[in-house]
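Enquirer: If you scroll down you'll find the structure; I have some questions about it.
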Amino acid sequence: MSSRAERKPLPLKLLLIGFVLVWLFVAAFPFLWTMWGSFKVEGDFFSRADWTNAITGPVTERQTGGTFTLDGYRGAWIEQEFWRAALNTMIVVVFTVVISLTLGTLGGYALARSGFKYTFWLLMLALVFRAMPHVTLVSGYLLPFFELNIWGYLPTTIVVLVAINQPFTLWMLHSFFLSIPKDLDEAAMVDGCTRFQAFRLAIIPVMWPGVVTTGLFSFLLAYNDFTVTAMLLSQENSTMVPEIESFLGSTQEEGKVMYAVAAVVSAILPLFVLILFFQRQIVSGLTAGAVKG
Amino acid sequence: MRHKTFLAFMWPSLFAMVLFIAIPILSVAYQSLFIEHEQIMVEGETCGPFGCSAEVSVDSAAMADLNEAQPAGRYNGLGTYGNASHLAFDEIGVIVANAEDFGDIRNGIMNLPFYSALVFTLAYTFVVTPLVIVLGFVIAVAVNAVPRALKGPVIFFSLLPMIVTPLVGSLVLFWMIDSRGIIGATLQAVFQDPSLSLKASSTLTWLTLFVYGVWHSAPFAFVVFYAGLQSVPQDTMESAMVDGASRWERIRFVTVPYLMPLATFIALMQLMDNFRVFEPIIGFSAQAHATSLSYLIYNDLRVSDSPLFGSAAATSMLTILGVVILLLPVLRRNWREFGRKT
């Protein structure tokens with residue numbers, strides 16, 4: 001890379017750096033702006049007079065005495081009981097990830113090790129299933145769930161999310177298990193292990209990097225889901241994303257839009273932390289399908 | 001691996017998928033053949049101080065019984081598919097018969113809910129997907145060329161628009177393009193038009209949604225291309241250089257062909273994801289100007305008291321048909337490759 005001919009002329013270099021900085025701004029600014037603004041009152045964040053008000057916060061100072069206020073967060077988390085939604089999200093996400101990974105590891109391993117033709121059909125079927133818009137599936141669930149009286153509860157939603165997650169989990173873990181040499185478990189089986197013992201003793205100890213990466217994406221699917229959780233959970237069981245959507249309807253009229261802003265920032269924050277710690281796994285997960293599939 | 005062992009490993013996952021993906025699709029197909037019960041009316045007499053009058057009202061007890069007995073509604077065959085809120089055969093016939101020129105036909109069809117949703121969904125899919133690929137590629141090439149110190153933060157912040165919940169991401173932008181938000185106010189100042197609002201016209205709403213789509217998905221293309229760029233064969237690159245290829249020609253004739261399979265992969269993923277565009281429409285409150293197929297289904301199911309299961313199911317079936325058509329080339333290619341391998 002550092003050969004003389006590779007070196008770029010200065011204007012080109014500046015152009016590229018400039019472009020990257022512009023992209024950086026476009027990608028990051030909306031979030032930083034909203035995070036900053038969530039500590040202001042509505043008169044500043046949606047300022048008719050001057051956009052710099054959102055940064056300096058004169059109205060906030062007039063109304064609350066300081067340039068930063070936690071009113072939005074107090075309103076959302078305590079008054080509107082957003083903590084309940086956060087708790088529900090946590091339950092849904094944890095169970096969905098754990099169950100999806102358990103089923104996905106077993107299935108992905110089998111798909112990677114079996115050489116029969118039906119594995120191809122199963123993978124293609126999973127691809128078609130993955131492409132199904134979630135809302136079409138939801139319209140299939142609603143009526144049976146009403147009839148069975150299981151609509152509105154967290155476990156129902158968890159099971160549905162696990163199932164919707166399966167095609168993706170299977171593809172990802174399947175391609176990960178393909179990268180683990182066959183010799184490993186075959187050697188264990190030559191030594192007298194059954195297939196399950198070989199899986200437990202030889203594969204499980206080395207599979208964690210792939211499982212963590214897949215788990216991150218299962219987490220994102222469950223955490224970010226709106227369609228399934230909005231349609232399948234009752235009001236008191238709702239998770240963060242549908243709760244934010246209902247804030248929009250109920251609070252916008254009352255001039256409490258800042259509650260929604262605070263809730264949105266609260267929902268973004270865990271994702272921020274996630275990227276901070278797992279950036280490399282996310283990147284490798286995104287490319288895994290591309291490079292191997 | 002023996003069939004029995006394979007099944008032992010596979011069944012939990014298979015069971016979940018059959019129960020919650022395959023059967024719901026069948027359930028949708030079944031529901032789409034039914035339609036809500038007709039209201040059962042009873043005639044009662046209400047008597048007031050000024051005499052009695054006959055009154056017709058819905059018999060709610062009888063309705064509840066009927067719904068209990070036949071929850072899916074009454075059989076309607078393929079009627080729902082052809083009605084005004086779906087394929088609207090009769091309405092199209094009327095439009096074509098009365099239209100004076102092509103513009104009339106177009107406007108008439110765009111007023112039908114299913115077709116306007118279909119047009120937006122397709123427009124979104126086929127505008128956003130190529131733009132995502134191009135923008136992602138340009139960002140990847142640019143980031144690959146900047147100093148190492150800049151790369152880490154760029155990747156960190158680039159991931160944000162993609163990782164953040166679509167509904168939340170679109171809300172963040174929605175508040176900024178509000179006429180009192182920073183982007184909305186800036187646009188008004190730039191075009192010197194204090195009444196300019198991105199939410200007011202269909203064209204601007206569509207544009208906003210497209211921009212959101214590109215902003216949301218470009219990071220995915222960028223990350224995939226960036227990883228691909230790390231493994232571009234250096235000797236091919238050097239031979240091109242020895243042959244006197246310019247910087248542009250090296251990108252055009254070495255990098256781009258090398259990354260082509262990745263572009264196919266991104267295109268596939270993006271087609272699938274963009275075809276089900278839904279959350280941005282809610283986030284941007286764009287229902288009045290842009291609806292997608294997914295939104296129509298959601299809207300039918302959201303009708304308070306009595307969701308329109310039949311109507312939602314019919315739209316769902318048509319959507320599934322769309323997905324299958326979209327995926328057909330991919331499936332065929334995979335099948336041929338698989339055939340070659342065995």
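Chain lettering (A, B, ...) mirrors the order of the structure tokens, residue numbering begins at 1 for each chain separately, and ligand numbering begins at 1 in order of display.
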If we count only C-alpha atoms, what is near region 37-49 of chain B at a cut-off of 7 Å, once residues fewer than 5 positions away on the same chain are taken out, given as a ChimeraX atom specification?
Expert: /B:54-59,63,73-74
Enquirer: Restrict the selected residues to C-alpha atoms and save them as a PDB file, in the first residue's frame.
Expert:
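Output file part.pdb follows:
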ATOM      1  CA  ALA B  54     -89.121   2.755  14.524  1.00  0.00           C
ATOM      2  CA  GLU B  55     -85.324   2.550  14.741  1.00  0.00           C
ATOM      3  CA  VAL B  56     -82.815   0.218  13.158  1.00  0.00           C
ATOM      4  CA  SER B  57     -79.705  -0.668  15.133  1.00  0.00           C
ATOM      5  CA  VAL B  58     -76.928  -3.239  15.189  1.00  0.00           C
ATOM      6  CA  ASP B  59     -77.775  -6.280  17.224  1.00  0.00           C
ATOM      7  CA  MET B  63     -73.047 -10.168  16.183  1.00  0.00           C
ATOM      8  CA  GLY B  73     -66.068 -14.051   8.881  1.00  0.00           C
ATOM      9  CA  ARG B  74     -68.190 -15.212   5.985  1.00  0.00           C
TER      10      ARG B  74
END
Enquirer: Would you mind writing down, as a count of residues only, each residue of region 48-240 of chain B that DSSP on the backbone assigns to alpha helix (DSSP H)?
Expert: 139
Enquirer: Between CA of Leu122 (chain A) and CA of Lys4 (chain B), what is the distance, to one decimal in Å?
Expert: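 One can read the CA of Leu122 (chain A) to CA of Lys4 (chain B) distance as 15.9 Å.
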Enquirer: For Ala185 (chain B), which residue among A:Thr69, A:Thr229, A:Ser47, A:Ser38 is the nearest when counting only C-alpha atoms?
Expert: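 For Ala185 (chain B), the nearest of the candidates is A:Ser47.
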Enquirer: Would you pick out the contacts of region 117-132 of chain B at 6 Å or less, using only C-alpha atoms, so that residues sharing its chain but fewer than 6 positions from it are not included, and give the list as a list in words?
Expert: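 So, after excluding close chain neighbours, the residues are Val214, Ala218, Gln270, Asn274, Phe275, Thr291, Ser292 and Leu293 of chain B.
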Enquirer: Those same residues - N, CA and C atoms - I'd like them written as a tab-separated table (two decimals), in the first residue's frame.
Expert:
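selection_16.tsv, freshly written:
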chain	number	residue	atom	x	y	z
B	214	VAL	N	-31.74	5.84	2.04
B	214	VAL	CA	-30.33	5.78	1.68
B	214	VAL	C	-29.46	5.99	2.91
B	218	ALA	N	-27.04	2.91	3.61
B	218	ALA	CA	-25.71	3.09	3.03
B	218	ALA	C	-24.60	2.50	3.93
B	270	GLN	N	-30.88	-5.70	0.17
B	270	GLN	CA	-31.59	-4.43	0.13
B	270	GLN	C	-32.96	-4.58	-0.53
B	274	ASN	N	-35.99	-3.37	1.55
B	274	ASN	CA	-36.69	-2.17	1.10
B	274	ASN	C	-38.11	-2.48	0.65
B	275	PHE	N	-38.33	-3.70	0.18
B	275	PHE	CA	-39.68	-4.04	-0.27
B	275	PHE	C	-40.65	-4.03	0.91
B	291	THR	N	-47.88	5.54	1.01
B	291	THR	CA	-48.15	4.35	1.78
B	291	THR	C	-47.46	3.18	1.09
B	292	SER	N	-47.08	2.18	1.87
B	292	SER	CA	-46.46	1.00	1.27
B	292	SER	C	-47.39	-0.17	1.50
B	293	LEU	N	-47.09	-1.28	0.85
B	293	LEU	CA	-47.93	-2.47	1.03
B	293	LEU	C	-47.99	-2.87	2.49
Enquirer: Between A:Tyr259, A:Leu21, A:Leu276, A:Val264, which residue has the minimum interatomic distance to Gln80 (chain A), considering only C-alpha atoms?
Expert: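 For Gln80 (chain A), the nearest of the candidates is A:Tyr259.
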Enquirer: Which residue gives the smallest distance to Pro270 (chain A) among B:Val164, B:Leu328, B:Ala189, B:Ala72, with only C-alpha atoms counted?
Expert: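 Using only C-alpha atoms, Pro270 (chain A) sits closest to B:Val164.
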Enquirer: Using only C-alpha atoms, pick whichever of A:Asp225, A:Asp191, A:Asp71, A:Glu243 has the shortest atom-to-atom distance to chain B.
Expert: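 Nearest candidate to chain B out of A:Asp225, A:Asp191, A:Asp71, A:Glu243: A:Asp225.
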